[in-house]
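Asker: Sending over a structure as structure tokens; questions will come in a sec.
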Amino acid sequence: MTKEETWSQRFESALHPAIARFNASIGFDIALIEYDLTGSQAHAKMLAHTGIISPKEGEQLVAGLEQIRQEYRQEKFQPGVDAGDEDVHFAVERRLTEIVGDVGKKLHTARSRNDQVGTDTRLYLRDQIQQIKSQLREFQGVLLDIAEKHVETLIPGYTHLQRAQPVSLAHHLLAYFQMAQRDWERLGDVSRRVNISPLGCGALAGTTFPIDRHYTAKLLHFDHIYANSLDGVSDRDFAIEFLCAASLIMVHLSRLAEEVIFWSSQEFRFVTLKDSCATGSSIMPQKKNPDVPELVRGKTGRVFGHLQAMLVIMKGLPLAYNKDLQEDKEGLFDSVNTVKASLEAMTILLREGLEFRTKRLAEAVTEDFSNATDVADYLAARGVPFREAYDLVGKIVKTCEDAGKLLKDLSLEEWQQFHPEFAADIYEAISPRQVVAARNSYGGTGFEQVKKALIAARAQMAQ
Ligand code: ARG
């Protein structure tokens, strides 16, 4: 179908050129071409297998489609609006008929572009999900590598972005490992609903030909086939689910990005950005900017936007296919590309673009009152009711603040004036290292727990 042609004898004139451009999806659905060829080859084999076309015709179609694949890869076949192609499906059919002659016109027997495009999109997404899953594994691997080196490195832990309690840096990084683990598992879940074949649902109602939908599904490695043809051609839940999963991946990357941004600031100085992953300013020569995490944080919005767009596209659609569904692609493709690019950039940034400033971190955990809970715990462990201990420690902190001191600066006498239960071992109990080590409850930051968590994380990676 080219723009000079009419749709069928029913039409008397060709499309207005501007409308043809408006209607066309070839500019973006060309990304589906390899999947379209594979899907069409399976369909052609099925037509021959069921006797709807002859075995020879089947072979001609499959070979012609393979030639198109080679031509496309060698950039000899370049479909586009200018070549008169509306979408990738028509472009392939046009070229096929040029190559194999009239038998090419048999390919579309017992098929519609509606079940065809649904098939292509699922094959595409299934592939992309696999790629994103392995990128997540790589990202997790880098987090683990760094975490293993920093079990004993302490970093201030925050709530409300106020210093709360120090934690092991490994524990902090393992939190992101767990988020990525959920992302990885979630994509596996989504895959199960992506991997269902709509091929053979026809335009909406099935077909009059004796097709074998299981046969094509098997050739294309689909796990199941859609049970209802109307649902099969108009379902985009799988795309929405993917966009949800993609949005969560971006949330996680963006949170880490935000931390890297402030860790690298003059105010924190927890990390140094290496030159390979930082940029300068065009006017301020002293600047080193965290462009990579900022871009990741910024790109997150586009993926959320695509999720929102897809939900809105679907909400008012009557059954079955409506042209609105052509709008599913650009957002999906952009989300896939954004997630992949962001994961790659963050993985590189972690692997070689930043260094934790361990000396600065060691200072940071001694310059605040983030050991105050441990003073209260100290008394509570010696029989003082926790709430009473809590109130007393509040008073101690206030006294220290007024005197410009930290808890560790109090003399034993001063401690004992506050409470007779305080003894010489209070100093050890409130040292940052002990504060961390003592949080040995399951899932806590105590070094013993963190070491176990690292082993468990390695095992999860091996799954
Ligand atoms: N380019 C179309 C899309 O992406 C293909 C399906 C067209 N089907 C139709 N009945 N007009 O959705």
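Ligands are numbered from 1 in the order shown, chains are lettered A, B, ... in the order of the structure tokens, and residues start at 1 in each chain.
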Any idea what's packed within 10 Å of A:Ala372, counting only C-alpha atoms, ignoring anything in its chain fewer than 2 positions away? Could you give it as a list in words?

Answerer: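 Near neighbours after the sequence-gap exclusion: Ala164, Gln165, Asp368, Phe369, Ser370, Asp374, Val375, Ala376, Asp377, Tyr378, Tyr390, Val393, Gly394, Ile396, Val397, Leu407, Ile430 and Val435 of chain A.
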
Asker: Name the residues, by chain letter and number, that sit within 8 Å of ligand 1 using only C-alpha atoms and all ligand atoms, and give them as a PyMOL selection string.

Answerer: chain A and resi 24-26+29+86-89+112-114+116-117+203+321-329

Asker: Determine, counting only C-alpha atoms, which protein, DNA and RNA residues have an atom within 12 Å of an atom of A:Gly64; residues of the same chain fewer than 2 positions away are not included. Present the result as number ranges by chain.

Answerer: A: 37-38, 40-41, 44, 57-62, 66-71, 92-105, 107

Asker: Write the residues of the selection above to a file with C-alpha atoms, as a PDB file, in the first residue's frame.

Answerer:
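Generated output (part_39.pdb):
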ATOM      1  CA  LEU A  37       9.492 -10.420   9.933  1.00  0.00           C
ATOM      2  CA  THR A  38       9.768 -13.189  12.516  1.00  0.00           C
ATOM      3  CA  SER A  40       5.221 -13.114   9.536  1.00  0.00           C
ATOM      4  CA  GLN A  41       7.488 -16.070   8.948  1.00  0.00           C
ATOM      5  CA  ALA A  44       3.462 -18.153   6.673  1.00  0.00           C
ATOM      6  CA  GLU A  57       4.181 -20.900  -1.343  1.00  0.00           C
ATOM      7  CA  GLY A  58       5.008 -21.095   2.331  1.00  0.00           C
ATOM      8  CA  GLU A  59       8.688 -21.562   1.557  1.00  0.00           C
ATOM      9  CA  GLN A  60       8.687 -18.669  -0.894  1.00  0.00           C
ATOM     10  CA  LEU A  61       7.151 -16.361   1.684  1.00  0.00           C
ATOM     11  CA  VAL A  62       9.569 -17.390   4.429  1.00  0.00           C
ATOM     12  CA  GLU A  66      14.399 -13.548   5.220  1.00  0.00           C
ATOM     13  CA  GLN A  67      15.741 -11.616   2.252  1.00  0.00           C
ATOM     14  CA  ILE A  68      13.991  -8.485   3.549  1.00  0.00           C
ATOM     15  CA  ARG A  69      15.712  -9.012   6.890  1.00  0.00           C
ATOM     16  CA  GLN A  70      19.122  -9.125   5.192  1.00  0.00           C
ATOM     17  CA  GLU A  71      18.305  -6.126   3.013  1.00  0.00           C
ATOM     18  CA  VAL A  92       7.192  -5.431   4.559  1.00  0.00           C
ATOM     19  CA  GLU A  93       4.265  -6.657   2.476  1.00  0.00           C
ATOM     20  CA  ARG A  94       5.143  -4.215  -0.320  1.00  0.00           C
ATOM     21  CA  ARG A  95       8.761  -5.348  -0.429  1.00  0.00           C
ATOM     22  CA  LEU A  96       7.788  -9.011  -0.157  1.00  0.00           C
ATOM     23  CA  THR A  97       5.567  -8.739  -3.206  1.00  0.00           C
ATOM     24  CA  GLU A  98       8.353  -6.989  -5.112  1.00  0.00           C
ATOM     25  CA  ILE A  99      10.671  -9.889  -4.242  1.00  0.00           C
ATOM     26  CA  VAL A 100       8.451 -12.986  -4.579  1.00  0.00           C
ATOM     27  CA  GLY A 101       5.740 -11.661  -6.875  1.00  0.00           C
ATOM     28  CA  ASP A 102       2.011 -12.297  -6.482  1.00  0.00           C
ATOM     29  CA  VAL A 103       2.436 -15.015  -3.856  1.00  0.00           C
ATOM     30  CA  GLY A 104       3.497 -12.195  -1.527  1.00  0.00           C
ATOM     31  CA  LYS A 105      -0.102 -11.068  -1.588  1.00  0.00           C
ATOM     32  CA  LEU A 107       0.834 -13.540   3.330  1.00  0.00           C
TER      33      LEU A 107
END

Asker: Considering only C-alpha atoms, can you say which of A:Ala362, A:Ala341, A:Leu319, A:Val384 comes closest to A:Arg433?

Answerer: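 Selected residue with least distance to A:Arg433: A:Ala362.
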
Asker: As a count of residues only, please: all residues of stretch 196-444 of chain A that backbone DSSP puts in strand (DSSP E or B).

Answerer: 12

Asker: As a ChimeraX atom specification, please: all residues of stretch 71-193 of chain A that backbone DSSP puts in alpha helix (DSSP H).

Answerer: /A:71-73,88-100,113-149,169-193

Asker: With the cut-off set at 12 Å and counting only C-alpha atoms, tabulate each residue of stretch 149-221 of chain A with an atom at most that distance from an atom of stretch 227-242 of chain A, showing the nearest atom pair and its distance in Å to one decimal, ordered by chain and increasing number, as a Markdown table.

Answerer:
| residue | atom | partner | partner_atom | distance |
| --- | --- | --- | --- | --- |
| A:Asp183 | CA | A:Phe242 | CA | 10.7 |
| A:Trp184 | CA | A:Phe242 | CA | 11.8 |
| A:Arg186 | CA | A:Phe242 | CA | 9.0 |
| A:Leu187 | CA | A:Phe242 | CA | 7.3 |
| A:Gly188 | CA | A:Phe242 | CA | 10.2 |
| A:Asp189 | CA | A:Glu241 | CA | 9.4 |
| A:Val190 | CA | A:Phe242 | CA | 6.3 |
| A:Ser191 | CA | A:Phe238 | CA | 8.2 |
| A:Arg192 | CA | A:Phe238 | CA | 9.1 |
| A:Arg193 | CA | A:Phe238 | CA | 5.9 |
| A:Val194 | CA | A:Phe238 | CA | 5.3 |
| A:Asn195 | CA | A:Phe238 | CA | 8.9 |
| A:Ile196 | CA | A:Gly232 | CA | 8.9 |
| A:Ser197 | CA | A:Gly232 | CA | 7.8 |
| A:Pro198 | CA | A:Gly232 | CA | 4.8 |
| A:Leu199 | CA | A:Gly232 | CA | 8.1 |
| A:Gly200 | CA | A:Ser229 | CA | 8.0 |
| A:Cys201 | CA | A:Ser229 | CA | 4.5 |
| A:Gly202 | CA | A:Ser229 | CA | 7.3 |
| A:Ala203 | CA | A:Val233 | CA | 7.3 |
| A:Leu204 | CA | A:Leu230 | CA | 5.0 |
| A:Ala205 | CA | A:Ser229 | CA | 5.6 |
| A:Gly206 | CA | A:Ser229 | CA | 6.0 |
| A:Thr207 | CA | A:Ser229 | CA | 9.7 |
| A:Arg213 | CA | A:Ala227 | CA | 10.5 |
| A:His214 | CA | A:Ala227 | CA | 11.3 |

Asker: Using N, CA, C and O atoms, can you write the selected residues to a file as a compact mmCIF listing (two decimals), in the first residue's frame?

Answerer:
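Writing the result to part12.txt gives the following:
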# COMPACT_ATOMS: atom_id res chain seq x y z
N ASP A 183 12.84 -5.04 41.22
CA ASP A 183 12.63 -4.63 39.82
C ASP A 183 12.83 -5.82 38.89
O ASP A 183 12.07 -6.03 37.95
N TRP A 184 13.88 -6.56 39.18
CA TRP A 184 14.21 -7.74 38.36
C TRP A 184 13.07 -8.76 38.43
O TRP A 184 12.63 -9.31 37.42
N ARG A 186 9.98 -8.19 39.31
CA ARG A 186 8.75 -7.60 38.74
C ARG A 186 8.74 -7.76 37.23
O ARG A 186 7.72 -8.08 36.62
N LEU A 187 9.90 -7.54 36.60
CA LEU A 187 9.95 -7.69 35.14
C LEU A 187 9.66 -9.13 34.74
O LEU A 187 9.04 -9.37 33.70
N GLY A 188 10.10 -10.07 35.58
CA GLY A 188 9.79 -11.47 35.31
C GLY A 188 8.28 -11.72 35.34
O GLY A 188 7.73 -12.41 34.48
N ASP A 189 7.62 -11.09 36.30
CA ASP A 189 6.15 -11.19 36.40
C ASP A 189 5.47 -10.60 35.18
O ASP A 189 4.56 -11.19 34.60
N VAL A 190 5.93 -9.42 34.81
CA VAL A 190 5.33 -8.73 33.65
C VAL A 190 5.50 -9.61 32.40
O VAL A 190 4.58 -9.76 31.60
N SER A 191 6.68 -10.20 32.28
CA SER A 191 6.97 -11.06 31.13
C SER A 191 5.92 -12.13 30.90
O SER A 191 5.60 -12.47 29.77
N ARG A 192 5.41 -12.66 32.01
CA ARG A 192 4.43 -13.74 31.87
C ARG A 192 3.19 -13.26 31.13
O ARG A 192 2.56 -14.02 30.41
N ARG A 193 2.83 -12.00 31.34
CA ARG A 193 1.65 -11.49 30.65
C ARG A 193 1.98 -10.83 29.30
O ARG A 193 1.11 -10.59 28.50
N VAL A 194 3.26 -10.56 29.09
CA VAL A 194 3.68 -10.09 27.76
C VAL A 194 3.68 -11.28 26.81
O VAL A 194 3.33 -11.16 25.63
N ASN A 195 4.04 -12.44 27.35
CA ASN A 195 4.32 -13.58 26.49
C ASN A 195 3.08 -14.42 26.16
O ASN A 195 3.06 -15.63 26.35
N ILE A 196 2.05 -13.73 25.69
CA ILE A 196 0.80 -14.39 25.28
C ILE A 196 0.50 -13.96 23.85
O ILE A 196 0.58 -12.77 23.54
N SER A 197 0.19 -14.91 23.00
CA SER A 197 0.06 -14.59 21.58
C SER A 197 -1.35 -14.15 21.18
O SER A 197 -2.32 -14.88 21.40
N PRO A 198 -1.45 -12.98 20.53
CA PRO A 198 -2.73 -12.57 19.98
C PRO A 198 -2.86 -12.97 18.50
O PRO A 198 -3.89 -12.73 17.88
N LEU A 199 -1.79 -13.58 17.96
CA LEU A 199 -1.80 -13.87 16.52
C LEU A 199 -2.90 -14.88 16.20
O LEU A 199 -3.01 -15.92 16.84
N GLY A 200 -3.71 -14.51 15.20
CA GLY A 200 -4.83 -15.36 14.84
C GLY A 200 -6.14 -14.82 15.38
O GLY A 200 -7.21 -15.36 15.09
N CYS A 201 -6.08 -13.76 16.16
CA CYS A 201 -7.33 -13.12 16.60
C CYS A 201 -7.98 -12.37 15.44
O CYS A 201 -9.15 -11.96 15.52
N GLY A 202 -7.19 -12.17 14.37
CA GLY A 202 -7.72 -11.48 13.20
C GLY A 202 -7.97 -10.02 13.50
O GLY A 202 -7.34 -9.43 14.38
N ALA A 203 -8.92 -9.44 12.77
CA ALA A 203 -9.20 -8.02 12.98
C ALA A 203 -9.82 -7.81 14.35
O ALA A 203 -9.52 -6.87 15.06
N LEU A 204 -10.72 -8.72 14.70
CA LEU A 204 -11.36 -8.66 16.03
C LEU A 204 -12.10 -9.93 16.40
O LEU A 204 -12.29 -10.24 17.57
N ALA A 205 -12.51 -10.72 15.37
CA ALA A 205 -13.48 -11.77 15.65
C ALA A 205 -12.98 -13.17 15.34
O ALA A 205 -13.74 -14.13 15.36
N GLY A 206 -11.66 -13.27 15.02
CA GLY A 206 -11.15 -14.57 14.58
C GLY A 206 -11.17 -14.62 13.06
O GLY A 206 -11.25 -13.57 12.40
N THR A 207 -11.08 -15.79 12.50
CA THR A 207 -11.01 -15.90 11.05
C THR A 207 -11.80 -17.09 10.54
O THR A 207 -12.07 -18.04 11.29
N ARG A 213 -3.55 -21.57 15.89
CA ARG A 213 -2.92 -20.51 16.70
C ARG A 213 -1.83 -21.07 17.61
O ARG A 213 -0.86 -20.38 17.92
N HIS A 214 -2.02 -22.31 18.05
CA HIS A 214 -1.01 -22.91 18.91
C HIS A 214 0.31 -23.10 18.16
O HIS A 214 1.38 -22.99 18.72

Asker: So that I can see what lies close to stretch 344-350 of chain A, please list as JSON, numbers by chain the residues with an atom at most 7 Å from it, counting only C-alpha atoms and leaving out residues fewer than 5 positions away in the same chain.

Answerer: {"A": [139, 142, 277, 292]}

Asker: Let me make sure I understand: among A:Ile155, A:Leu311, A:Ala31, A:Ala403, which one has the smallest atom-to-atom distance to A:Thr358 if we use only C-alpha atoms?

Answerer: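 Checking each candidate against A:Thr358, we get A:Ile155 as the closest.
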
Asker: So, with only C-alpha atoms as the atoms that count, which of A:Arg351, A:Arg163, A:Lys395, A:Lys359 lies closest to A:Asn371?

Answerer: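 Of A:Arg351, A:Arg163, A:Lys395, A:Lys359, the one nearest A:Asn371 is A:Arg163, counting only C-alpha atoms.
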
Asker: My list of candidates is A:Val260, A:Leu154, A:Ala381, A:Met284. Which is closest to A:Thr366 when distances are computed with only C-alpha atoms?

Answerer: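 Ranked by minimum distance to A:Thr366, first place goes to A:Leu154.
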
Asker: Between A:Pro293, A:Glu367, A:Ile19, A:Thr445, which has the minimum distance to A:Ser342 (counting only C-alpha atoms)?

Answerer: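 Nearest candidate to A:Ser342 out of A:Pro293, A:Glu367, A:Ile19, A:Thr445: A:Pro293.
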
Asker: Which neighbours of A:Glu414 fall inside 12 Å, counting only C-alpha atoms, when residues of the same chain fewer than 5 positions from it are skipped, and could you give them as a count of residues only?

Answerer: 12

Asker: Would you pick out the contacts of A:Arg360 at 10 Å or less, using only C-alpha atoms, so that residues sharing its chain but fewer than 3 positions from it are not included, and give the list as a list in words?

Answerer: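 These residues fall inside the cut-off: Ile155, Phe268, Arg269, Phe270, Val271, Phe356, Arg357, Glu363, Ala364 and Val365 of chain A.
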
Asker: Pick the closest to A:Asp275 from A:Val312, A:Leu161, A:Ile146, A:Leu354: which is it, counting only C-alpha atoms?

Answerer: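 With only C-alpha atoms as the atom set, the closest residue is A:Leu354.
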
Asker: When you look at A:Met250 with a cut-off of 10 Å (counting only C-alpha atoms), what residues show up, excluding the ones that are within fewer than 2 positions of it in the same chain? I need them as a ChimeraX atom specification.

Answerer: /A:183,244-248,252-257,296-304,335,338-339,342-343

Asker: For the selection you just gave me, I'd like the residues written to a file as a PDB file, in the first residue's frame, keeping N, CA and C atoms.

Answerer:
ATOM      1  N   ASP A 183      12.839  -5.036  41.222  1.00  0.00           N
ATOM      2  CA  ASP A 183      12.632  -4.635  39.824  1.00  0.00           C
ATOM      3  C   ASP A 183      12.832  -5.822  38.891  1.00  0.00           C
ATOM      4  N   CYS A 244       4.699   0.523  34.340  1.00  0.00           N
ATOM      5  CA  CYS A 244       4.739   0.602  35.819  1.00  0.00           C
ATOM      6  C   CYS A 244       6.090   0.110  36.323  1.00  0.00           C
ATOM      7  N   ALA A 245       6.493  -1.053  35.821  1.00  0.00           N
ATOM      8  CA  ALA A 245       7.771  -1.632  36.266  1.00  0.00           C
ATOM      9  C   ALA A 245       8.922  -0.698  35.889  1.00  0.00           C
ATOM     10  N   ALA A 246       8.838  -0.126  34.687  1.00  0.00           N
ATOM     11  CA  ALA A 246       9.888   0.797  34.230  1.00  0.00           C
ATOM     12  C   ALA A 246       9.910   2.045  35.109  1.00  0.00           C
ATOM     13  N   SER A 247       8.722   2.522  35.478  1.00  0.00           N
ATOM     14  CA  SER A 247       8.648   3.712  36.340  1.00  0.00           C
ATOM     15  C   SER A 247       9.301   3.437  37.686  1.00  0.00           C
ATOM     16  N   LEU A 248       9.071   2.257  38.227  1.00  0.00           N
ATOM     17  CA  LEU A 248       9.683   1.928  39.520  1.00  0.00           C
ATOM     18  C   LEU A 248      11.202   1.808  39.410  1.00  0.00           C
ATOM     19  N   HIS A 252      13.832   4.148  41.579  1.00  0.00           N
ATOM     20  CA  HIS A 252      14.973   3.670  42.355  1.00  0.00           C
ATOM     21  C   HIS A 252      16.281   4.311  41.893  1.00  0.00           C
ATOM     22  N   LEU A 253      16.447   4.364  40.577  1.00  0.00           N
ATOM     23  CA  LEU A 253      17.675   4.996  40.061  1.00  0.00           C
ATOM     24  C   LEU A 253      17.713   6.467  40.452  1.00  0.00           C
ATOM     25  N   SER A 254      16.558   7.088  40.418  1.00  0.00           N
ATOM     26  CA  SER A 254      16.488   8.517  40.697  1.00  0.00           C
ATOM     27  C   SER A 254      16.782   8.814  42.167  1.00  0.00           C
ATOM     28  N   ARG A 255      16.359   7.942  43.048  1.00  0.00           N
ATOM     29  CA  ARG A 255      16.654   8.143  44.470  1.00  0.00           C
ATOM     30  C   ARG A 255      18.159   8.025  44.717  1.00  0.00           C
ATOM     31  N   LEU A 256      18.770   7.018  44.091  1.00  0.00           N
ATOM     32  CA  LEU A 256      20.218   6.871  44.234  1.00  0.00           C
ATOM     33  C   LEU A 256      20.921   8.086  43.613  1.00  0.00           C
ATOM     34  N   ALA A 257      20.415   8.501  42.462  1.00  0.00           N
ATOM     35  CA  ALA A 257      21.000   9.662  41.778  1.00  0.00           C
ATOM     36  C   ALA A 257      20.962  10.881  42.699  1.00  0.00           C
ATOM     37  N   VAL A 296      19.625  11.290  35.021  1.00  0.00           N
ATOM     38  CA  VAL A 296      18.814  10.126  35.388  1.00  0.00           C
ATOM     39  C   VAL A 296      17.582  10.599  36.160  1.00  0.00           C
ATOM     40  N   ARG A 297      17.803  11.485  37.130  1.00  0.00           N
ATOM     41  CA  ARG A 297      16.682  12.033  37.904  1.00  0.00           C
ATOM     42  C   ARG A 297      15.698  12.737  36.979  1.00  0.00           C
ATOM     43  N   GLY A 298      16.240  13.490  36.026  1.00  0.00           N
ATOM     44  CA  GLY A 298      15.377  14.236  35.107  1.00  0.00           C
ATOM     45  C   GLY A 298      14.610  13.339  34.156  1.00  0.00           C
ATOM     46  N   LYS A 299      15.272  12.312  33.641  1.00  0.00           N
ATOM     47  CA  LYS A 299      14.626  11.432  32.662  1.00  0.00           C
ATOM     48  C   LYS A 299      13.505  10.608  33.275  1.00  0.00           C
ATOM     49  N   THR A 300      13.539  10.451  34.579  1.00  0.00           N
ATOM     50  CA  THR A 300      12.514   9.679  35.275  1.00  0.00           C
ATOM     51  C   THR A 300      11.114  10.206  34.935  1.00  0.00           C
ATOM     52  N   GLY A 301      11.000  11.515  34.824  1.00  0.00           N
ATOM     53  CA  GLY A 301       9.710  12.125  34.533  1.00  0.00           C
ATOM     54  C   GLY A 301       9.114  11.673  33.210  1.00  0.00           C
ATOM     55  N   ARG A 302       9.977  11.439  32.218  1.00  0.00           N
ATOM     56  CA  ARG A 302       9.403  11.036  30.923  1.00  0.00           C
ATOM     57  C   ARG A 302       8.746   9.671  31.026  1.00  0.00           C
ATOM     58  N   VAL A 303       9.375   8.780  31.777  1.00  0.00           N
ATOM     59  CA  VAL A 303       8.811   7.425  31.867  1.00  0.00           C
ATOM     60  C   VAL A 303       7.467   7.484  32.605  1.00  0.00           C
ATOM     61  N   PHE A 304       7.404   8.278  33.699  1.00  0.00           N
ATOM     62  CA  PHE A 304       6.113   8.436  34.397  1.00  0.00           C
ATOM     63  C   PHE A 304       5.076   8.988  33.413  1.00  0.00           C
ATOM     64  N   SER A 335      10.421   4.692  26.713  1.00  0.00           N
ATOM     65  CA  SER A 335      10.628   4.211  28.083  1.00  0.00           C
ATOM     66  C   SER A 335      11.703   3.132  28.108  1.00  0.00           C
ATOM     67  N   THR A 338      14.995   4.803  27.587  1.00  0.00           N
ATOM     68  CA  THR A 338      15.383   5.625  28.734  1.00  0.00           C
ATOM     69  C   THR A 338      15.865   4.757  29.895  1.00  0.00           C
ATOM     70  N   VAL A 339      15.127   3.691  30.169  1.00  0.00           N
ATOM     71  CA  VAL A 339      15.537   2.795  31.261  1.00  0.00           C
ATOM     72  C   VAL A 339      16.901   2.178  30.955  1.00  0.00           C
ATOM     73  N   SER A 342      19.654   4.814  31.226  1.00  0.00           N
ATOM     74  CA  SER A 342      19.860   5.263  32.612  1.00  0.00           C
ATOM     75  C   SER A 342      20.570   4.187  33.423  1.00  0.00           C
ATOM     76  N   LEU A 343      20.155   2.935  33.223  1.00  0.00           N
ATOM     77  CA  LEU A 343      20.816   1.841  33.938  1.00  0.00           C
ATOM     78  C   LEU A 343      22.286   1.747  33.545  1.00  0.00           C
TER      79      LEU A 343
END
